[in-house]
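protein23.tsv (TSV, C-alpha atoms)
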chain	number	residue	atom	x	y	z
G	282	MET	CA	-3.92	24.28	3.83
G	283	SER	CA	-2.38	20.80	3.99
G	284	PRO	CA	-1.11	19.52	0.65
G	285	PHE	CA	-3.21	16.43	1.25
G	286	GLU	CA	-6.30	18.60	0.89
G	287	LYS	CA	-5.52	19.96	-2.59
G	288	ARG	CA	-7.35	18.31	-5.47
G	289	GLN	CA	-4.84	16.36	-7.54
G	290	TYR	CA	-7.16	14.42	-9.85
G	291	SER	CA	-10.05	15.21	-12.18
G	292	GLY	CA	-13.56	13.87	-11.76
G	293	LYS	CA	-13.00	11.38	-14.59
G	294	GLN	CA	-9.83	10.09	-12.92
G	295	ILE	CA	-11.68	9.64	-9.63
G	296	ILE	CA	-14.44	7.67	-11.38
G	297	LYS	CA	-11.82	5.55	-13.20
G	298	ALA	CA	-9.96	4.80	-9.97
G	299	GLY	CA	-13.20	3.71	-8.30
G	300	ASP	CA	-13.99	1.36	-11.20
G	301	MET	CA	-10.51	-0.15	-10.98
G	302	LEU	CA	-10.72	-0.63	-7.21
G	303	ARG	CA	-13.84	-2.83	-7.49
G	304	GLU	CA	-11.47	-5.73	-8.16
G	305	ILE	CA	-8.36	-4.46	-6.42
G	306	ASP	CA	-6.71	-7.89	-6.17
G	307	GLN	CA	-6.67	-8.19	-9.97
G	308	LEU	CA	-4.70	-4.97	-10.46
G	309	THR	CA	-0.96	-4.80	-11.04
G	310	PRO	CA	1.10	-3.21	-8.24
G	311	GLU	CA	1.43	-0.06	-10.34
G	312	GLN	CA	-2.31	0.11	-10.97
G	313	GLN	CA	-3.05	-0.42	-7.29
G	314	GLU	CA	-0.64	2.33	-6.30
G	315	TRP	CA	-2.24	4.82	-8.70
G	316	ALA	CA	-5.85	3.98	-7.88
G	317	LEU	CA	-5.27	3.96	-4.12
G	318	GLY	CA	-3.41	7.25	-4.43
G	319	VAL	CA	-6.43	8.79	-6.11
G	320	LEU	CA	-8.67	7.41	-3.36
G	321	ASP	CA	-6.41	8.77	-0.62
G	322	ASN	CA	-6.40	12.26	-2.11
G	323	PHE	CA	-10.16	12.22	-2.76
G	324	ARG	CA	-10.85	11.17	0.83
G	325	ALA	CA	-8.55	13.84	2.24
G	326	LEU	CA	-10.44	16.54	0.33
G	327	HIS	CA	-13.44	15.97	2.60
G	328	ALA	CA	-11.68	17.25	5.72
G	329	MET	CA	-12.36	20.94	5.04
G	330	PRO	CA	-16.09	20.55	4.21
G	331	LEU	CA	-16.46	18.35	7.29
G	332	ASN	CA	-14.97	21.05	9.49
G	333	SER	CA	-17.33	23.61	7.96
G	334	PHE	CA	-20.37	21.40	8.48
G	335	GLN	CA	-19.45	20.62	12.07
G	336	ALA	CA	-19.09	24.31	12.94
G	337	THR	CA	-22.59	25.16	11.66
G	338	LEU	CA	-23.98	21.95	13.17
G	339	ARG	CA	-22.88	22.95	16.65
G	340	GLN	CA	-24.41	26.39	16.15
G	341	ARG	CA	-27.73	24.80	15.23
G	342	ILE	CA	-27.67	22.43	18.19
G	343	ASP	CA	-26.97	25.38	20.47
G	344	ARG	CA	-29.85	27.31	18.88
G	345	LEU	CA	-32.20	24.44	19.80
G	346	GLY	CA	-30.99	24.49	23.40
G	347	ILE	CA	-29.81	20.87	23.28
G	348	THR	CA	-27.03	20.31	25.83
G	349	ASP	CA	-26.77	16.51	25.98
G	350	PHE	CA	-25.32	15.40	22.64
G	351	ILE	CA	-22.24	13.87	21.03
G	352	VAL	CA	-20.79	14.90	17.67
G	353	ALA	CA	-18.38	12.57	15.88
G	354	GLN	CA	-16.60	13.38	12.63
G	355	ARG	CA	-14.68	10.90	10.51
G	356	ILE	CA	-13.33	10.05	7.06
G	357	LYS	CA	-14.73	6.72	5.85
G	358	ARG	CA	-12.41	3.74	6.31
G	359	LYS	CA	-10.70	2.49	3.16
G	360	PRO	CA	-11.75	-1.18	3.60
G	361	THR	CA	-15.38	-0.04	3.87
G	362	ILE	CA	-15.09	2.03	0.69
G	363	LEU	CA	-13.50	-0.86	-1.20
G	364	ASP	CA	-16.18	-3.27	0.01
G	365	LYS	CA	-18.92	-0.87	-1.06
G	366	LEU	CA	-17.41	-0.46	-4.54
G	367	HIS	CA	-17.16	-4.23	-4.86
G	368	ARG	CA	-20.75	-4.89	-3.74
G	369	TYR	CA	-22.42	-2.19	-5.83
G	370	ALA	CA	-21.46	-2.31	-9.51
G	371	ASP	CA	-23.16	1.00	-10.28
G	372	MET	CA	-21.53	2.88	-7.38
G	373	GLN	CA	-19.28	5.75	-8.48
G	374	LEU	CA	-16.48	6.71	-6.11
G	375	LYS	CA	-17.00	10.37	-7.00
G	376	ARG	CA	-20.64	10.21	-5.89
G	377	MET	CA	-20.26	8.02	-2.81
G	378	HIS	CA	-22.20	10.08	-0.29
G	379	ASP	CA	-20.68	9.02	3.03
G	380	ILE	CA	-16.91	9.32	2.55
G	381	GLY	CA	-17.08	12.38	4.79
G	382	GLY	CA	-19.46	11.76	7.66
G	383	ILE	CA	-20.65	13.58	10.76
G	384	ARG	CA	-22.68	11.70	13.35
G	385	VAL	CA	-24.84	13.33	16.00
G	386	ILE	CA	-26.02	11.23	18.93
G	387	LEU	CA	-29.01	12.74	20.72
G	388	PRO	CA	-30.83	11.66	23.91
G	389	ASN	CA	-34.16	10.82	22.29
G	390	LEU	CA	-36.40	11.25	19.28
G	391	LYS	CA	-37.70	14.66	20.34
G	392	GLU	CA	-34.26	16.25	20.02
G	393	LEU	CA	-33.47	14.23	16.89
G	394	ASP	CA	-36.63	15.41	15.13
G	395	ALA	CA	-35.99	19.02	16.15
G	396	LEU	CA	-32.51	18.99	14.61
G	397	LYS	CA	-33.68	17.14	11.49
G	398	ASN	CA	-36.52	19.59	10.95
G	399	LEU	CA	-34.17	22.53	11.37
G	400	TYR	CA	-32.02	21.21	8.51
G	401	LEU	CA	-35.01	20.40	6.32
G	402	SER	CA	-36.90	23.61	7.01
G	403	SER	CA	-37.60	25.84	4.00
G	404	THR	CA	-36.28	28.73	6.08
G	405	SER	CA	-32.95	26.98	6.69
G	406	ARG	CA	-30.09	29.27	5.69
G	407	ILE	CA	-27.70	26.45	4.80
G	408	SER	CA	-26.07	27.09	1.41
G	409	HIS	CA	-25.38	23.45	0.61
G	410	LYS	CA	-27.79	21.39	-1.49
G	411	LEU	CA	-29.71	18.55	0.14
G	412	VAL	CA	-29.12	15.61	-2.19
G	413	GLN	CA	-30.95	12.84	-0.35
G	414	GLU	CA	-32.78	12.07	2.88
G	415	TYR	CA	-32.76	8.50	4.21
G	416	ASP	CA	-35.26	7.86	7.00
G	417	TYR	CA	-34.25	4.55	8.56
G	418	ILE	CA	-36.40	5.20	11.63
G	419	SER	CA	-39.79	5.23	9.90
G	420	THR	CA	-38.55	2.40	7.68
G	421	PRO	CA	-35.67	0.54	9.37
G	422	LYS	CA	-33.21	-1.43	7.26
G	423	SER	CA	-33.78	-5.19	7.15
G	424	SER	CA	-30.63	-5.57	9.24
G	425	GLY	CA	-32.26	-3.54	12.02
G	426	TYR	CA	-30.26	-0.35	11.49
G	427	ARG	CA	-32.16	2.82	12.45
G	428	GLY	CA	-31.27	6.48	12.08
G	429	ILE	CA	-31.65	9.51	9.82
G	430	HIS	CA	-29.10	10.26	7.08
G	431	LEU	CA	-29.05	13.63	5.33
G	432	VAL	CA	-26.70	13.90	2.34
G	433	PHE	CA	-25.54	17.35	1.26
G	434	SER	CA	-23.54	18.53	-1.73
G	435	TYR	CA	-20.99	21.07	-0.50
G	436	HIS	CA	-21.28	24.50	-2.09
G	437	THR	CA	-18.94	27.47	-1.78
G	438	SER	CA	-18.45	30.69	-3.70
G	439	HIS	CA	-15.00	31.26	-2.19
G	440	PRO	CA	-12.40	31.23	-5.01
G	441	ASP	CA	-9.82	29.42	-2.85
G	442	LYS	CA	-12.20	26.56	-1.97
G	443	GLN	CA	-13.36	25.41	-5.38
G	444	ASP	CA	-11.51	22.09	-4.91
G	445	TYR	CA	-14.31	21.12	-2.52
G	446	GLU	CA	-17.30	22.16	-4.65
G	447	GLY	CA	-19.78	19.31	-5.00
G	448	LEU	CA	-18.21	16.99	-2.42
G	449	ARG	CA	-20.84	15.02	-0.56
G	450	ILE	CA	-21.12	15.08	3.21
G	451	GLU	CA	-23.44	12.78	5.12
G	452	LEU	CA	-25.03	13.93	8.37
G	453	GLN	CA	-26.17	10.98	10.50
G	454	LEU	CA	-28.65	11.53	13.31
G	455	ARG	CA	-29.15	8.80	15.92
G	456	THR	CA	-30.72	8.52	19.33
G	457	GLN	CA	-28.54	7.06	22.06
G	458	LEU	CA	-30.44	3.78	21.87
G	459	GLN	CA	-30.00	3.55	18.09
G	460	HIS	CA	-26.30	4.30	18.51
G	461	ILE	CA	-25.90	1.62	21.18
G	462	TRP	CA	-27.37	-1.01	18.85
G	463	ALA	CA	-25.30	0.06	15.82
G	464	THR	CA	-21.97	0.11	17.64
G	465	ALA	CA	-22.75	-3.22	19.34
G	466	VAL	CA	-23.08	-4.82	15.90
G	467	GLU	CA	-19.60	-3.51	15.05
G	468	ILE	CA	-18.15	-4.91	18.28
G	469	PHE	CA	-19.59	-8.37	17.60
G	470	GLU	CA	-18.36	-8.42	14.00
G	471	ALA	CA	-14.85	-7.31	14.98
G	472	PHE	CA	-14.42	-10.00	17.63
G	473	MET	CA	-16.09	-12.68	15.51
G	474	GLY	CA	-14.40	-11.76	12.22
G	475	GLU	CA	-17.75	-11.28	10.45
G	476	ASN	CA	-19.33	-8.52	8.36
G	477	PHE	CA	-22.74	-8.23	9.99
G	478	LYS	CA	-23.18	-4.58	8.91
G	479	SER	CA	-23.39	-5.78	5.32
G	480	SER	CA	-25.86	-8.55	6.29
G	481	LYS	CA	-23.21	-11.23	5.86
G	482	GLY	CA	-22.33	-14.08	8.18
G	483	SER	CA	-24.33	-16.48	10.34
G	484	GLN	CA	-28.07	-16.11	9.78
G	485	ASP	CA	-28.70	-16.88	13.46
G	486	TRP	CA	-26.61	-13.90	14.50
G	487	LEU	CA	-28.18	-11.66	11.85
G	488	ASP	CA	-31.61	-12.69	13.19
G	489	PHE	CA	-30.51	-11.85	16.72
G	490	PHE	CA	-29.43	-8.33	15.74
G	491	SER	CA	-32.65	-7.66	13.82
G	492	LEU	CA	-34.80	-8.92	16.72
G	493	ALA	CA	-32.84	-6.76	19.17
G	494	ALA	CA	-33.30	-3.75	16.90
G	495	SER	CA	-37.06	-4.26	16.73
G	496	ALA	CA	-37.21	-4.67	20.51
G	497	PHE	CA	-35.39	-1.34	20.86
G	498	ALA	CA	-37.78	0.20	18.31
G	499	HIS	CA	-40.71	-0.86	20.49
G	500	LYS	CA	-38.98	0.86	23.41
G	501	GLU	CA	-38.88	4.10	21.41
G	502	LYS	CA	-42.46	3.53	20.15
G	503	GLN	CA	-41.24	3.43	16.54
G	504	PRO	CA	-41.78	0.99	13.63
G	505	VAL	CA	-40.01	-2.35	13.77
G	506	ILE	CA	-38.24	-3.80	10.75
G	507	PRO	CA	-40.65	-4.86	7.96
G	508	SER	CA	-40.26	-8.63	8.55
G	509	HIS	CA	-41.43	-8.16	12.17
G	510	ALA	CA	-44.38	-5.90	11.37
G	511	ASP	CA	-47.01	-8.62	11.88
G	512	MET	CA	-45.41	-9.98	15.04
G	513	SER	CA	-46.77	-9.09	18.48
G	514	GLN	CA	-44.37	-7.57	20.97
G	515	GLU	CA	-44.68	-10.65	23.15
G	516	GLU	CA	-43.79	-12.96	20.26
G	517	LEU	CA	-40.89	-10.70	19.29
G	518	LEU	CA	-39.44	-10.81	22.79
G	519	ARG	CA	-39.93	-14.57	22.99
G	520	GLN	CA	-37.98	-15.08	19.78
G	521	LEU	CA	-35.28	-12.67	20.97
G	522	LYS	CA	-34.96	-14.54	24.27
G	523	ASP	CA	-34.77	-17.92	22.48
G	524	LYS	CA	-32.15	-16.61	20.06
G	525	MET	CA	-30.06	-15.18	22.91
G	526	ASP	CA	-30.20	-18.48	24.77
G	527	SER	CA	-29.28	-20.61	21.75
G	528	LEU	CA	-26.37	-18.33	20.81
G	529	GLN	CA	-25.33	-17.76	24.44
G	530	VAL	CA	-25.16	-14.05	23.70
G	531	LEU	CA	-24.55	-12.89	27.26
G	532	GLU	CA	-21.70	-15.36	27.65
G	533	VAL	CA	-20.16	-14.31	24.31
G	534	MET	CA	-20.20	-10.65	25.36
G	535	GLN	CA	-18.15	-11.44	28.46
G	536	GLY	CA	-15.18	-12.13	26.18
G	537	PHE	CA	-15.32	-8.66	24.62
G	538	THR	CA	-12.57	-7.06	26.69
G	539	LEU	CA	-9.67	-4.85	25.64
G	540	THR	CA	-6.56	-3.27	27.03
G	541	ASP	CA	-6.54	0.48	26.25
G	542	THR	CA	-3.31	2.29	25.39
G	543	LEU	CA	-3.15	6.04	24.98
G	544	THR	CA	-0.14	7.75	23.39
G	545	SER	CA	-0.98	11.19	24.78
G	546	LYS	CA	-1.57	12.57	28.27
G	547	ARG	CA	-3.44	15.59	26.86
G	548	LYS	CA	-6.86	14.12	27.57
G	549	HIS	CA	-8.68	17.44	27.49
G	550	GLU	CA	-7.23	18.67	24.19
G	551	GLY	CA	-9.00	18.48	20.86
G	552	GLY	CA	-7.53	17.65	17.47
G	553	HIS	CA	-7.51	14.26	15.78
G	554	ALA	CA	-7.33	10.71	17.09
G	555	LEU	CA	-6.11	7.65	15.22
G	556	LEU	CA	-8.02	4.72	16.72
G	557	ILE	CA	-6.62	1.23	16.20
G	558	PHE	CA	-8.81	-1.63	17.40
G	559	ASP	CA	-7.24	-5.11	17.34
G	560	ALA	CA	-9.81	-7.70	18.39
G	561	SER	CA	-7.41	-10.64	18.02
G	562	GLU	CA	-4.87	-9.02	20.35
G	563	LYS	CA	-7.64	-7.49	22.51
G	564	LEU	CA	-5.95	-4.12	22.31
G	565	ALA	CA	-7.23	-0.60	21.62
G	566	THR	CA	-4.67	2.09	20.78
G	567	VAL	CA	-5.36	5.83	20.62
G	568	ARG	CA	-2.83	8.16	19.01
G	569	HIS	CA	-3.52	11.82	19.62
G	570	TYR	CA	-2.65	14.55	17.11
G	571	THR	CA	-3.26	18.26	17.62
G	572	ALA	CA	-5.35	20.26	15.16
G	573	SER	CA	-2.17	21.54	13.47
G	574	GLU	CA	-0.86	17.97	12.99
G	575	TYR	CA	-3.56	16.86	10.54
G	576	GLU	CA	-1.10	16.07	7.74
G	577	GLU	CA	0.91	13.82	10.05
G	578	ALA	CA	-2.29	12.17	11.33
G	579	TYR	CA	-3.63	11.49	7.85
G	580	SER	CA	-0.28	10.07	6.67
G	581	ALA	CA	-0.23	7.72	9.67
G	582	TYR	CA	-3.82	6.72	8.89
G	583	ILE	CA	-2.91	5.75	5.32
G	584	ARG	CA	0.10	3.72	6.51
G	585	GLU	CA	-1.94	1.84	9.11
G	586	GLU	CA	-4.70	1.08	6.62
G	587	GLU	CA	-2.27	-0.31	4.07
G	588	THR	CA	-0.51	-2.42	6.70
G	589	ASN	CA	-3.78	-3.88	7.94
G	590	ARG	CA	-5.78	-4.07	4.70
G	591	SER	CA	-6.19	-7.86	4.86
G	592	ARG	CA	-6.70	-8.14	8.64
G	593	GLN	CA	-10.42	-8.43	9.34
G	594	ASN	CA	-10.01	-8.21	13.14
G	595	ARG	CA	-7.94	-5.02	13.09
G	596	GLN	CA	-9.73	-1.75	12.36
G	597	VAL	CA	-8.30	1.75	11.95
G	598	VAL	CA	-10.16	5.06	11.81
G	599	LEU	CA	-9.15	8.74	11.95
G	600	VAL	CA	-11.61	10.97	13.78
G	601	LYS	CA	-11.83	14.59	14.80
G	602	MET	CA	-12.53	15.15	18.49
G	603	THR	CA	-13.09	17.82	21.09
G	604	SER	CA	-11.30	15.75	23.74
G	605	ILE	CA	-10.04	12.21	24.18
G	606	GLN	CA	-12.51	11.76	27.03
G	607	GLN	CA	-15.38	12.03	24.50
G	608	LEU	CA	-13.99	9.34	22.20
G	609	GLU	CA	-15.37	6.28	23.98
G	610	LYS	CA	-18.86	7.76	24.02
G	611	ALA	CA	-18.76	8.45	20.29
G	612	TYR	CA	-16.92	5.26	19.30
G	613	PRO	CA	-17.65	2.58	21.94
G	614	ASN	CA	-17.03	-0.08	19.29
G	615	TYR	CA	-13.32	0.84	19.23
G	616	PHE	CA	-13.11	0.21	22.97
G	617	ALA	CA	-15.31	-2.91	23.04
G	618	ASN	CA	-17.72	-1.11	25.33
G	619	ILE	CA	-20.72	-3.44	25.20
G	620	LYS	CA	-22.13	-2.66	28.67
G	621	GLN	CA	-24.96	-0.38	27.58
G	622	PHE	CA	-26.13	-2.80	24.91
G	623	ARG	CA	-26.27	-5.60	27.46
G	624	THR	CA	-28.16	-3.37	29.90
G	625	HIS	CA	-30.81	-2.40	27.37
G	626	LEU	CA	-31.19	-5.99	26.16
G	627	LEU	CA	-31.93	-7.14	29.68
G	628	GLN	CA	-34.30	-4.24	30.24
G	629	VAL	CA	-36.49	-5.02	27.22
G	630	LEU	CA	-36.58	-8.69	28.24
G	631	LYS	CA	-37.24	-8.01	31.92
G	632	ASP	CA	-41.02	-8.39	31.79
G	633	TYR	CA	-40.87	-11.46	29.55
G	634	MET	CA	-38.15	-13.19	31.57
Any chance you could put this one into structure tokens?
Amino acid sequence: MSPFEKRQYSGKQIIKAGDMLREIDQLTPEQQEWALGVLDNFRALHAMPLNSFQATLRQRIDRLGITDFIVAQRIKRKPTILDKLHRYADMQLKRMHDIGGIRVILPNLKELDALKNLYLSSTSRISHKLVQEYDYISTPKSSGYRGIHLVFSYHTSHPDKQDYEGLRIELQLRTQLQHIWATAVEIFEAFMGENFKSSKGSQDWLDFFSLAASAFAHKEKQPVIPSHADMSQEELLRQLKDKMDSLQVLEVMQGFTLTDTLTSKRKHEGGHALLIFDASEKLATVRHYTASEYEEAYSAYIREEETNRSRQNRQVVLVKMTSIQQLEKAYPNYFANIKQFRTHLLQVLKDYM
């Protein structure tokens, strides 16, 4: 076991660190060092439960006979955690449910529902406790985000794994179309220096993303966001087309290009990847670490995060992978791959245009 994965702080210390980090810029250097150290250790603890969840997840997908899918596993980015603590005064770091996350991208709603129902079934043999179900497909977020989130509390009776007892793991289920929309939002915000995921920034752009999401929901024959519920499909597409024209969306997307650099030639090997996306430099860097190099990978992740904490256009994430070739499919936002989003936008507008 990596020393980074041993619990070093009590639950009360984790809660205290989270409270301190709400206003990180007001802390002394010593306070920052302690609180961030607690956060780093608490995040690292989630690696083992994530590995356990992914193993059983793949078994369940295989049981359903689903062959076309993508599984992505990651530890939540530090800037995102800090932003969440700052925005939600009642949020406890210890109970933040998506620090360890696994995302499954499935072809369509039929496969998504089958996997969801398998996890929610009363006959499910999973030992972990379902804490919360968030159905953002039946009721999309106002931003337009759609997907299913299942939050579990990790449970183990193994005496050597008690450090992980109670850690929360979030399982995200998305269709390919839902994933294309969500990652497109992240590409736009990275290049534009905005925070659209948190519903911040230009209202015109936020309206564009919500209209596009509702258009995609129509395509999947699912509910649109609440503010569009009384709008006809024709009116929705008209407003989407007008918004795209006024913002010159297609022209803006043409500038979303990157140069990819890969530090490993072992494209077919699994392990971990440190993805560094620099929108200002238009550069995507992938550093490959083998499964046995997790400690080195996590240390590099912490260093990169600290170096780039104040740089909005530079994003860093550490993910587990089966091969480097699968990375771009799971994380198109880190490679500025906007092609599929553009294609689907034009498809939904085809009849109207």
If I wrap all listed atoms of stretch 517-521 of chain G in a box with edges along x, y and z and add 8 Å on each side, what are its centre and edge lengths in Å to one decimal, as AutoDock Vina command-line options?
--center_x -38.1 --center_y -12.9 --center_z 21.1 --size_x 21.6 --size_y 20.4 --size_z 19.7
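Going from atom CA of G:Leu326 over to atom CA of G:Gln443, you cover 10.9 Å.
A straight line drawn from atom CA of G:Ile342 to atom CA of G:Gly381 is 19.8 Å long.
If you look at atom CA of G:Ile619 and atom CA of G:Pro504, they are 24.4 Å away from each other.
Ranking G:Gln503, G:Asn618, G:Thr603, G:Thr456 by their shortest atom-to-atom distance to G:Gly536, with all atoms listed in the file included, puts G:Asn618 first.
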Point to revise | Counting all atoms listed in the file, the option among G:Lys481, G:His327, G:His509, G:Lys522 closest to G:Lys375 | key: G:His327
What are the closest atom pairs, with distances in Å to one decimal, for each residue of stretch 410-527 of chain G lying within 12 Å of stretch 393-402 of chain G, using all atoms listed in the file, rows by chain and rising residue number, as a Markdown table?
| residue | atom | partner | partner_atom | distance |
| --- | --- | --- | --- | --- |
| G:Lys410 | CA | G:Leu401 | CA | 10.7 |
| G:Leu411 | CA | G:Leu401 | CA | 8.3 |
| G:Val412 | CA | G:Leu401 | CA | 11.4 |
| G:Gln413 | CA | G:Leu401 | CA | 10.9 |
| G:Glu414 | CA | G:Leu401 | CA | 9.3 |
| G:Tyr415 | CA | G:Lys397 | CA | 11.3 |
| G:Asp416 | CA | G:Lys397 | CA | 10.4 |
| G:Ile418 | CA | G:Asp394 | CA | 10.8 |
| G:Ser419 | CA | G:Asp394 | CA | 11.9 |
| G:Gly428 | CA | G:Leu393 | CA | 9.4 |
| G:Ile429 | CA | G:Lys397 | CA | 8.1 |
| G:His430 | CA | G:Lys397 | CA | 9.4 |
| G:Leu431 | CA | G:Lys397 | CA | 8.5 |
| G:Val432 | CA | G:Tyr400 | CA | 10.9 |
| G:Phe433 | CA | G:Tyr400 | CA | 10.5 |
| G:Leu452 | CA | G:Lys397 | CA | 9.7 |
| G:Gln453 | CA | G:Lys397 | CA | 9.8 |
| G:Leu454 | CA | G:Leu393 | CA | 6.6 |
| G:Arg455 | CA | G:Leu393 | CA | 7.0 |
| G:Thr456 | CA | G:Leu393 | CA | 6.8 |
| G:Gln457 | CA | G:Leu393 | CA | 10.1 |
| G:Leu458 | CA | G:Leu393 | CA | 12.0 |
| G:Gln459 | CA | G:Leu393 | CA | 11.3 |
Check your understanding: Excluding same-chain residues fewer than 2 positions from G:Leu517, what lies within 12 Å of it counting only C-alpha atoms, as a count of residues only?
Key -> 30
**Study point:** Residue among G:His569, G:Lys422, G:Lys478, G:Arg344 lying closest to G:His553, counting all atoms listed in the file
**Key:** G:His569
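Closest approach to G:Ala316 from the set G:Leu390, G:Ile347, G:Leu331, G:Leu363 is made by G:Leu363, with distances taken over only C-alpha atoms.
Proximity to G:Thr624 was assessed for G:Tyr435, G:Pro330, G:Gly292, G:Ile461 counting all atoms listed in the file; the smallest distance is recorded for G:Ile461.
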Exercise for review: Find the spatial neighbours of stretch 605-615 of chain G, counting all atoms listed in the file, within a cut-off of 10 Å - ignore same-chain residues fewer than 6 positions away - and output them as a PyMOL selection string.
Suggested key: chain G and resi 350-354+384-386+457+460-461+463-471+539+541+543+545-554+556-560+564-569+596-598+621
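Nearest residue to G:Asp364, choosing from G:Arg324, G:Arg590, G:His378, G:His436 and counting only C-alpha atoms: G:Arg590.
Residues with any atom within 8 Å of G:Gly299, counting all atoms listed in the file and excluding same-chain neighbours fewer than 2 positions away, are Ile295, Ile296, Lys297, Met301, Leu302, Arg303, Ala316, Leu320, Leu366, Gln373, Leu374 and Lys375 of chain G.
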Practice item. Considering all atoms listed in the file, return as number ranges by chain whatever protein or nucleic-acid residues lie within 12 Å of G:Lys287, sequence-local ones (same chain, fewer than 2 positions apart) excluded. Key: G: 282-285, 289-291, 319, 321-329, 441-445, 576
Exercise for review: Tell me which protein, DNA and RNA residues are within 9 Å of G:Arg376, counting all atoms listed in the file, leaving out same-chain ones fewer than 4 positions away, and put them as a PyMOL selection string.
Suggested key: chain G and resi 296+372+448-449
Could the residues in this selection be written to a file with C-alpha atoms, as a PDB file, in the coordinates of the input?
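So the final result, stored in out_32.pdb, reads:
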ATOM      1  CA  ILE G 296     -14.440   7.670 -11.380  1.00  0.00           C
ATOM      2  CA  MET G 372     -21.530   2.880  -7.380  1.00  0.00           C
ATOM      3  CA  LEU G 448     -18.210  16.990  -2.420  1.00  0.00           C
ATOM      4  CA  ARG G 449     -20.840  15.020  -0.560  1.00  0.00           C
TER       5      ARG G 449
END
Rebuild stretch 597-609 of chain G so that it carries N, CA, C and O atoms, then output the result as a PDB file, in the frame of the given file.
ATOM      1  N   VAL G 597      -8.968   0.459  11.765  1.00  0.00           N
ATOM      2  CA  VAL G 597      -8.300   1.750  11.950  1.00  0.00           C
ATOM      3  C   VAL G 597      -9.236   2.846  11.473  1.00  0.00           C
ATOM      4  O   VAL G 597      -9.860   2.725  10.420  1.00  0.00           O
ATOM      5  N   VAL G 598      -9.345   3.931  12.239  1.00  0.00           N
ATOM      6  CA  VAL G 598     -10.160   5.060  11.810  1.00  0.00           C
ATOM      7  C   VAL G 598      -9.531   6.350  12.344  1.00  0.00           C
ATOM      8  O   VAL G 598      -8.927   6.362  13.422  1.00  0.00           O
ATOM      9  N   LEU G 599      -9.631   7.419  11.543  1.00  0.00           N
ATOM     10  CA  LEU G 599      -9.150   8.740  11.950  1.00  0.00           C
ATOM     11  C   LEU G 599     -10.364   9.618  12.204  1.00  0.00           C
ATOM     12  O   LEU G 599     -11.213   9.773  11.321  1.00  0.00           O
ATOM     13  N   VAL G 600     -10.441  10.174  13.415  1.00  0.00           N
ATOM     14  CA  VAL G 600     -11.610  10.970  13.780  1.00  0.00           C
ATOM     15  C   VAL G 600     -11.172  12.318  14.337  1.00  0.00           C
ATOM     16  O   VAL G 600     -10.078  12.461  14.887  1.00  0.00           O
ATOM     17  N   LYS G 601     -12.057  13.301  14.167  1.00  0.00           N
ATOM     18  CA  LYS G 601     -11.830  14.590  14.800  1.00  0.00           C
ATOM     19  C   LYS G 601     -12.547  14.586  16.141  1.00  0.00           C
ATOM     20  O   LYS G 601     -13.630  14.006  16.278  1.00  0.00           O
ATOM     21  N   MET G 602     -11.954  15.232  17.145  1.00  0.00           N
ATOM     22  CA  MET G 602     -12.530  15.150  18.490  1.00  0.00           C
ATOM     23  C   MET G 602     -12.381  16.483  19.202  1.00  0.00           C
ATOM     24  O   MET G 602     -11.529  17.305  18.873  1.00  0.00           O
ATOM     25  N   THR G 603     -13.226  16.662  20.212  1.00  0.00           N
ATOM     26  CA  THR G 603     -13.090  17.820  21.090  1.00  0.00           C
ATOM     27  C   THR G 603     -12.196  17.488  22.273  1.00  0.00           C
ATOM     28  O   THR G 603     -11.537  18.357  22.823  1.00  0.00           O
ATOM     29  N   SER G 604     -12.195  16.219  22.683  1.00  0.00           N
ATOM     30  CA  SER G 604     -11.300  15.750  23.740  1.00  0.00           C
ATOM     31  C   SER G 604     -11.257  14.230  23.688  1.00  0.00           C
ATOM     32  O   SER G 604     -12.194  13.575  23.209  1.00  0.00           O
ATOM     33  N   ILE G 605     -10.174  13.664  24.167  1.00  0.00           N
ATOM     34  CA  ILE G 605     -10.040  12.210  24.180  1.00  0.00           C
ATOM     35  C   ILE G 605     -11.100  11.585  25.081  1.00  0.00           C
ATOM     36  O   ILE G 605     -11.577  10.475  24.829  1.00  0.00           O
ATOM     37  N   GLN G 606     -11.513  12.296  26.111  1.00  0.00           N
ATOM     38  CA  GLN G 606     -12.510  11.760  27.030  1.00  0.00           C
ATOM     39  C   GLN G 606     -13.854  11.518  26.343  1.00  0.00           C
ATOM     40  O   GLN G 606     -14.659  10.712  26.808  1.00  0.00           O
ATOM     41  N   GLN G 607     -14.125  12.213  25.226  1.00  0.00           N
ATOM     42  CA  GLN G 607     -15.380  12.030  24.500  1.00  0.00           C
ATOM     43  C   GLN G 607     -15.332  10.878  23.500  1.00  0.00           C
ATOM     44  O   GLN G 607     -16.365  10.446  22.988  1.00  0.00           O
ATOM     45  N   LEU G 608     -14.137  10.346  23.240  1.00  0.00           N
ATOM     46  CA  LEU G 608     -13.990   9.340  22.200  1.00  0.00           C
ATOM     47  C   LEU G 608     -14.794   8.072  22.474  1.00  0.00           C
ATOM     48  O   LEU G 608     -15.464   7.542  21.587  1.00  0.00           O
ATOM     49  N   GLU G 609     -14.710   7.557  23.687  1.00  0.00           N
ATOM     50  CA  GLU G 609     -15.370   6.280  23.980  1.00  0.00           C
ATOM     51  C   GLU G 609     -16.881   6.394  23.862  1.00  0.00           C
ATOM     52  O   GLU G 609     -17.556   5.435  23.489  1.00  0.00           O
TER      53      GLU G 609
END
